[in-house]
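Structure data follow from model19.cif (mmCIF, C-alpha atoms):
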```
data_model
#
loop_
_atom_site.label_atom_id
_atom_site.label_comp_id
_atom_site.auth_asym_id
_atom_site.auth_seq_id
_atom_site.Cartn_x
_atom_site.Cartn_y
_atom_site.Cartn_z
CA MET A 757 58.21 -42.10 44.92
CA ALA A 758 60.11 -38.91 45.65
CA SER A 759 61.47 -40.18 48.93
CA GLN A 760 63.45 -37.03 49.67
CA THR A 761 60.22 -34.98 49.95
CA ILE A 762 58.29 -37.45 52.12
CA THR A 763 58.41 -37.25 55.89
CA ALA A 764 57.18 -39.57 58.61
CA ALA A 765 54.21 -37.27 59.20
CA ALA A 766 52.60 -38.73 56.05
CA SER A 767 52.18 -42.03 57.93
CA GLY A 768 49.69 -40.52 60.36
CA ALA A 769 50.04 -40.41 64.13
CA TRP A 770 49.09 -42.36 67.23
CA LYS A 771 49.53 -41.87 70.95
CA LEU A 772 51.93 -43.62 73.29
CA GLY A 773 50.31 -42.70 76.56
CA ASP A 774 50.18 -38.91 76.49
CA ARG A 775 52.78 -38.60 73.71
CA THR A 776 51.82 -38.37 70.03
CA VAL A 777 54.21 -39.97 67.55
CA ASN A 778 54.29 -40.48 63.81
CA ARG A 779 53.51 -44.05 62.81
CA ILE A 780 56.85 -44.55 61.04
CA GLY A 781 59.55 -44.69 63.67
CA PHE A 782 63.10 -46.02 63.84
CA GLY A 783 64.52 -49.18 65.39
CA ALA A 784 68.10 -48.95 66.65
CA MET A 785 68.96 -52.68 66.72
CA ARG A 786 70.91 -52.63 63.45
CA LEU A 787 72.53 -49.24 64.03
CA THR A 788 75.67 -50.43 65.79
CA GLN A 789 77.07 -52.98 63.34
CA HIS A 790 77.13 -54.34 59.81
CA GLY A 791 75.59 -57.73 59.14
CA GLU A 792 73.69 -59.82 61.64
CA ALA A 793 72.61 -58.13 64.85
CA PHE A 794 74.23 -59.50 68.02
CA ALA A 795 76.80 -61.56 66.06
CA ALA A 796 79.99 -62.10 68.07
CA ASP A 797 82.15 -61.11 65.11
CA ALA A 798 80.01 -58.13 64.06
CA VAL A 799 81.89 -55.31 62.37
CA PRO A 800 81.09 -52.03 64.14
CA ARG A 801 79.41 -49.40 62.00
CA ASP A 802 81.23 -46.14 61.41
CA ARG A 803 80.29 -43.79 64.23
CA ASP A 804 79.76 -40.76 62.01
CA GLN A 805 77.57 -42.80 59.68
CA ALA A 806 75.39 -44.02 62.55
CA ILE A 807 75.06 -40.53 63.99
CA GLY A 808 74.20 -39.20 60.54
CA VAL A 809 71.40 -41.75 60.15
CA LEU A 810 69.88 -40.80 63.50
CA ARG A 811 69.99 -37.09 62.77
CA ARG A 812 68.54 -37.60 59.30
CA ALA A 813 65.72 -39.71 60.75
CA VAL A 814 64.70 -36.84 63.00
CA GLU A 815 64.96 -34.40 60.08
CA LEU A 816 62.56 -36.67 58.18
CA GLY A 817 60.00 -36.43 60.95
CA VAL A 818 60.76 -39.58 62.90
CA ASN A 819 59.87 -38.91 66.53
CA HIS A 820 59.69 -42.46 67.90
CA ILE A 821 62.95 -44.38 68.39
CA ASP A 822 63.10 -47.91 69.75
CA THR A 823 66.29 -48.98 71.50
CA ALA A 824 67.74 -51.09 74.34
CA ALA A 825 70.90 -51.20 76.45
CA PHE A 826 71.63 -54.65 74.98
CA TYR A 827 71.82 -53.18 71.46
CA PHE A 828 75.58 -52.99 71.15
CA SER A 829 78.47 -54.35 69.12
CA PRO A 830 82.21 -54.08 69.64
CA LEU A 831 82.88 -50.33 70.11
CA ARG A 832 79.26 -49.19 69.56
CA SER A 833 76.24 -48.77 71.84
CA ALA A 834 72.89 -47.80 70.32
CA ASN A 835 71.88 -45.81 73.39
CA GLU A 836 75.12 -43.86 73.49
CA LEU A 837 74.91 -43.16 69.74
CA ILE A 838 71.39 -41.82 70.25
CA ASN A 839 72.63 -39.64 73.11
CA GLN A 840 75.54 -38.27 71.09
CA ALA A 841 73.47 -37.68 67.96
CA LEU A 842 70.30 -36.20 69.39
CA ALA A 843 70.87 -34.72 72.87
CA PRO A 844 69.56 -32.29 73.90
CA TYR A 845 66.54 -34.21 72.72
CA PRO A 846 63.74 -32.59 70.70
CA ASP A 847 60.61 -32.01 72.77
CA ASP A 848 58.49 -34.26 70.55
CA LEU A 849 60.93 -37.20 70.50
CA VAL A 850 59.79 -40.37 72.28
CA ILE A 851 62.51 -42.91 73.07
CA THR A 852 61.23 -46.38 73.88
CA THR A 853 63.57 -48.90 75.45
CA LYS A 854 63.17 -52.45 76.69
CA VAL A 855 64.41 -54.43 79.65
CA GLY A 856 64.46 -58.08 80.61
CA PRO A 857 67.23 -59.49 78.43
CA GLY A 858 70.85 -58.56 79.03
CA ARG A 859 74.31 -59.19 77.58
CA ASP A 860 77.68 -59.23 79.29
CA PRO A 861 80.49 -56.97 77.98
CA SER A 862 81.66 -59.71 75.60
CA GLY A 863 78.18 -59.88 74.08
CA HIS A 864 77.02 -63.18 75.55
CA TRP A 865 73.37 -63.34 76.57
CA LEU A 866 72.56 -63.46 80.26
CA ALA A 867 69.58 -64.97 82.00
CA HIS A 868 66.60 -62.62 81.84
CA ALA A 869 66.52 -60.12 84.67
CA THR A 870 64.78 -60.86 87.93
CA PRO A 871 62.43 -58.25 89.41
CA GLU A 872 65.31 -57.05 91.58
CA GLN A 873 67.65 -56.70 88.59
CA LEU A 874 65.23 -54.69 86.46
CA ARG A 875 65.99 -51.47 88.34
CA GLY A 876 69.66 -51.81 87.40
CA GLN A 877 68.69 -52.24 83.74
CA VAL A 878 66.47 -49.17 83.89
CA GLU A 879 69.29 -47.15 85.48
CA GLU A 880 71.72 -48.35 82.79
CA ASN A 881 69.38 -47.07 80.07
CA LEU A 882 69.03 -43.76 81.90
CA ARG A 883 72.81 -43.38 82.15
CA GLN A 884 73.51 -44.28 78.52
CA LEU A 885 70.76 -42.05 77.15
CA GLY A 886 71.65 -39.18 79.49
CA ARG A 887 68.13 -38.80 80.83
CA ASP A 888 66.45 -38.51 84.21
CA HIS A 889 63.46 -40.54 83.07
CA LEU A 890 62.55 -42.99 80.30
CA ASP A 891 59.58 -42.19 78.07
CA VAL A 892 58.45 -45.80 77.56
CA VAL A 893 59.92 -49.04 78.92
CA ASN A 894 58.83 -52.38 77.49
CA LEU A 895 59.18 -55.54 79.55
CA ARG A 896 60.44 -58.14 77.09
CA ILE A 897 59.89 -61.74 78.06
CA VAL A 898 60.38 -65.28 76.82
CA GLY A 899 57.79 -67.93 77.57
CA THR A 900 54.27 -67.99 78.90
CA ASP A 901 54.77 -67.70 82.67
CA SER A 902 53.31 -64.96 84.84
CA ILE A 903 54.87 -61.52 84.47
CA ALA A 904 53.25 -60.04 87.58
CA GLU A 905 56.41 -59.73 89.69
CA ARG A 906 58.54 -58.32 86.91
CA PHE A 907 55.91 -55.91 85.61
CA GLY A 908 55.12 -54.92 89.16
CA ALA A 909 58.77 -53.99 89.70
CA LEU A 910 58.62 -51.69 86.67
CA ALA A 911 55.33 -50.22 87.89
CA GLU A 912 57.12 -49.24 91.10
CA LEU A 913 59.80 -47.44 89.07
CA ARG A 914 57.03 -45.72 87.14
CA ASP A 915 55.50 -44.55 90.42
CA ALA A 916 58.95 -43.28 91.44
CA GLY A 917 59.17 -41.14 88.28
CA LEU A 918 62.00 -43.03 86.52
CA ILE A 919 59.59 -44.26 83.83
CA HIS A 920 56.64 -42.42 82.29
CA HIS A 921 54.88 -45.25 80.46
CA LEU A 922 55.04 -49.04 80.36
CA GLY A 923 54.72 -51.54 77.53
CA LEU A 924 55.23 -55.22 76.78
CA SER A 925 57.31 -57.13 74.23
CA ASN A 926 57.11 -60.69 72.90
CA VAL A 927 53.98 -61.47 74.89
CA ARG A 928 50.65 -63.28 74.64
CA PRO A 929 47.17 -61.84 75.28
CA HIS A 930 47.06 -63.25 78.81
CA HIS A 931 50.24 -61.31 79.66
CA LEU A 932 48.57 -58.08 78.57
CA ALA A 933 45.52 -58.82 80.69
CA GLU A 934 47.73 -59.63 83.68
CA ALA A 935 49.82 -56.48 83.29
CA GLN A 936 46.78 -54.23 83.04
CA THR A 937 45.70 -55.28 86.52
CA ILE A 938 48.96 -53.76 87.76
CA ALA A 939 49.54 -50.61 85.64
CA PRO A 940 48.43 -49.12 82.30
CA VAL A 941 50.03 -50.59 79.17
CA VAL A 942 50.58 -48.15 76.28
CA CYS A 943 52.07 -50.53 73.70
CA VAL A 944 52.64 -54.15 72.76
CA GLN A 945 55.77 -54.88 70.72
CA ASN A 946 55.57 -58.27 69.00
CA MET A 947 56.83 -59.95 65.86
CA TYR A 948 54.39 -59.28 63.03
CA GLY A 949 54.47 -59.08 59.25
CA ILE A 950 53.13 -60.54 56.03
CA GLY A 951 52.06 -64.10 56.72
CA ALA A 952 51.04 -63.44 60.31
CA SER A 953 49.19 -66.30 61.97
CA PRO A 954 45.52 -66.04 62.99
CA GLU A 955 46.64 -65.83 66.64
CA GLN A 956 48.95 -62.92 65.86
CA LYS A 957 46.19 -61.12 63.96
CA GLU A 958 43.77 -61.69 66.82
CA PHE A 959 46.20 -60.09 69.28
CA LEU A 960 46.63 -57.10 66.97
CA GLY A 961 42.86 -56.74 67.03
CA ILE A 962 42.74 -56.90 70.82
CA CYS A 963 45.18 -54.01 70.98
CA ALA A 964 43.08 -52.02 68.50
CA GLU A 965 39.95 -52.53 70.58
CA GLN A 966 41.77 -51.25 73.67
CA ARG A 967 43.52 -48.43 71.78
CA ILE A 968 46.91 -49.80 72.69
CA ALA A 969 49.71 -49.14 70.21
CA PHE A 970 50.90 -52.27 68.43
CA VAL A 971 54.59 -52.07 67.48
CA PRO A 972 55.67 -54.87 65.10
CA PHE A 973 59.27 -55.98 64.86
CA TYR A 974 60.79 -57.95 61.96
CA SER A 975 58.07 -56.62 59.67
CA ILE A 976 60.68 -56.24 56.91
CA ALA A 977 63.15 -58.89 58.05
CA GLY A 978 60.48 -61.58 58.23
CA THR A 979 62.14 -64.97 58.55
CA GLY A 980 65.53 -63.22 58.26
CA ARG A 981 65.04 -61.87 61.79
CA THR A 982 68.39 -60.61 63.18
CA ASN A 983 70.04 -61.20 59.79
CA GLY A 984 68.13 -58.28 58.34
CA ALA A 985 65.70 -57.88 55.44
CA THR A 986 64.62 -61.14 53.93
CA THR A 987 65.22 -61.82 50.24
CA ASP A 988 62.62 -64.58 50.25
CA HIS A 989 59.75 -62.53 48.84
CA SER A 990 56.72 -64.15 47.28
CA ARG A 991 55.61 -63.59 43.71
CA GLU A 992 52.73 -61.43 44.99
CA VAL A 993 55.09 -59.12 46.87
CA HIS A 994 57.34 -58.70 43.82
CA THR A 995 54.36 -58.06 41.52
CA ILE A 996 52.93 -55.35 43.77
CA ALA A 997 56.37 -53.78 44.27
CA ARG A 998 56.86 -53.50 40.49
CA ALA A 999 53.42 -51.94 40.11
CA HIS A 1000 54.33 -49.19 42.59
CA GLY A 1001 57.95 -48.80 41.48
CA VAL A 1002 59.28 -49.60 44.95
CA SER A 1003 61.22 -52.39 46.63
CA ALA A 1004 59.74 -55.58 48.04
CA ALA A 1005 60.87 -54.44 51.51
CA GLN A 1006 58.81 -51.27 51.13
CA ILE A 1007 55.72 -53.30 50.26
CA ARG A 1008 56.20 -55.45 53.37
CA LEU A 1009 56.45 -52.32 55.50
CA ALA A 1010 53.46 -50.67 53.81
CA TRP A 1011 51.33 -53.77 54.40
CA THR A 1012 52.20 -53.58 58.10
CA LEU A 1013 51.08 -49.95 58.35
CA HIS A 1014 47.81 -50.87 56.65
CA GLN A 1015 46.93 -53.26 59.50
CA GLY A 1016 45.48 -50.52 61.66
CA SER A 1017 45.87 -46.90 62.68
CA HIS A 1018 47.30 -48.13 66.01
CA VAL A 1019 50.27 -49.85 64.31
CA LEU A 1020 53.61 -48.08 64.82
CA ALA A 1021 56.37 -49.37 62.55
CA ILE A 1022 60.01 -49.28 63.71
CA PRO A 1023 62.14 -50.33 60.72
CA GLY A 1024 65.83 -50.15 61.49
CA THR A 1025 68.86 -49.46 59.35
CA GLY A 1026 72.32 -47.96 59.43
CA ASP A 1027 72.09 -46.79 55.82
CA LEU A 1028 70.85 -43.36 54.73
CA ASP A 1029 69.30 -44.62 51.49
CA HIS A 1030 67.40 -47.38 53.27
CA LEU A 1031 66.25 -44.85 55.87
CA ALA A 1032 64.80 -42.62 53.15
CA GLN A 1033 63.07 -45.62 51.56
CA ASN A 1034 61.55 -46.66 54.87
CA VAL A 1035 60.23 -43.17 55.59
CA ALA A 1036 58.91 -42.89 52.02
CA VAL A 1037 56.54 -45.78 52.78
CA SER A 1038 54.58 -43.24 54.84
CA SER A 1039 52.80 -42.14 51.66
CA LEU A 1040 52.50 -45.56 49.97
CA ARG A 1041 48.87 -46.68 49.74
CA LEU A 1042 47.91 -50.23 48.80
CA SER A 1043 44.60 -51.08 47.15
CA GLU A 1044 42.07 -53.45 48.66
CA GLU A 1045 42.94 -55.99 45.97
CA GLU A 1046 46.63 -55.74 46.80
CA LEU A 1047 45.98 -56.09 50.51
CA THR A 1048 43.81 -59.15 49.90
CA ALA A 1049 46.58 -60.75 47.84
CA LEU A 1050 49.14 -60.10 50.58
CA ASP A 1051 46.77 -61.21 53.34
CA SER A 1052 46.47 -64.63 51.67
CA LEU A 1053 50.17 -65.45 51.91
CA HIS A 1054 51.41 -68.31 54.07
CA HIS A 1055 52.17 -67.89 57.76
CA GLU A 1056 55.87 -67.19 57.48
CA THR A 1057 56.15 -65.25 60.74
CA ALA A 1058 54.49 -67.83 62.95
#
```

Is it possible to give me this structure as structure tokens?
Amino acid sequence: MASQTITAAASGAWKLGDRTVNRIGFGAMRLTQHGEAFAADAVPRDRDQAIGVLRRAVELGVNHIDTAAFYFSPLRSANELINQALAPYPDDLVITTKVGPGRDPSGHWLAHATPEQLRGQVEENLRQLGRDHLDVVNLRIVGTDSIAERFGALAELRDAGLIHHLGLSNVRPHHLAEAQTIAPVVCVQNMYGIGASPEQKEFLGICAEQRIAFVPFYSIAGTGRTNGATTDHSREVHTIARAHGVSAAQIRLAWTLHQGSHVLAIPGTGDLDHLAQNVAVSSLRLSEEELTALDSLHHETA
């Protein structure tokens, strides 16, 4: 695969609300440090390197970036790197952020935000990104309880013009149904990858039926999660990777994109070579036989 000639446009496009984005995007979680995301002893990534990756992503046609104010390491903030690298922002760039979780300056996790605290988190994202509005804000939650109060608080900020579109992260189908009684939902961002459980696949299908973008995280990392790309690939993944002359990580990402035209991938990296490999997946097509083999793998993401 001649990765240097492939752009994100080859992945096709989908809409986030009224904004059209290429289906290969960029996740900023790993941009700020080397090694495990959120680790207390994380080594900050070189600023120029991080800025170079962001600018190269846009050059390669990436126009959907996923970030959060709690994506930071000692000395580095993903939002501020995005601001420094890309402002003034291209007209077609959609920046999606998420609220709910928070970290104190030392990096320790805080209790998830109350409805009253969500406005402060939105304003912090606005300040760091240097914007007067946020394109898309996902409410990220933990648990199965009602989200009505929290999502309602974000809907009020949407009505006030601070947010253009709303989404959800780490949710169940009943959360989506509940949120839609309050305000439109343009995307669901959940863990998804090879080995997805029947329940996860069913939710992906619900989003397809409603033409809601489904944005999988950890599609490459798998069970590695915040540690980064898994090395625990099955024989089937390695066999298919060799047949295409690509890496196992690229096969995992390609499989994810094959799950539906509404799937928007957001692989993250701080490395230029890995960025090019991720974007090159835009043109990687798997056969029905290959997809069937990958579909049959165990539920490792459940």

Item to complete: Tell me which residues the PyMOL selection byres ((chain A and resi 804) around 12) grabs here, as a list of chain:residue names.
Response: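 For this structure, the PyMOL selection byres ((chain A and resi 804) around 12) resolves to A:Leu787, A:Thr788, A:Pro800, A:Arg801, A:Asp802, A:Arg803, A:Gln805, A:Ala806, A:Ile807, A:Gly808, A:Val809, A:Leu810, A:Arg811, A:Arg812, A:Arg832, A:Leu837, A:Ile838, A:Gln840, A:Ala841, A:Gly1026, A:Asp1027, A:Leu1028.
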
Practice prompt. Apply the PyMOL selection byres ((chain A and resi 829) around 10) to the structure shown and report the selected residues as an MDAnalysis selection string.
Written response: chainID A and resid 785:790 793:801 826:828 830:834 861:863

Discussion item. As a check of understanding, name the residues that the PyMOL selection byres ((chain A and resi 967) around 10) selects in the supplied structure, as a ChimeraX atom specification.
Written reply: /A:770-772,942-943,961-966,968-970,1017-1018

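Among A:Ser767, A:Asn819, A:Ser975, A:Asn839, the residue with the shortest atom-to-atom distance to Val1037 in chain A, counting only C-alpha atoms, is A:Ser767.
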
Discussion item. Given only C-alpha atoms as the basis, pick out the residue of A:Ala764, A:Ala904, A:Ala1010, A:Ala999 nearest to His930 in chain A.
Written reply: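 Using only C-alpha atoms, His930 in chain A sits closest to A:Ala904.
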
Quick one: contact table of range 942-1051 of chain A to range 842-855 of chain A, 12 Å max, nearest atom pair and distance in Å to one decimal per residue, counting only C-alpha atoms, chain and number order, as a tab-separated table?
```
residue	atom	partner	partner_atom	distance
A:Val942	CA	A:Thr852	CA	11.1
A:Cys943	CA	A:Thr852	CA	10.1
A:Val944	CA	A:Lys854	CA	11.4
A:Gln945	CA	A:Lys854	CA	9.8
A:Val971	CA	A:Thr852	CA	10.8
A:Leu1020	CA	A:Thr852	CA	12.0
A:Ile1022	CA	A:Thr852	CA	10.6
```
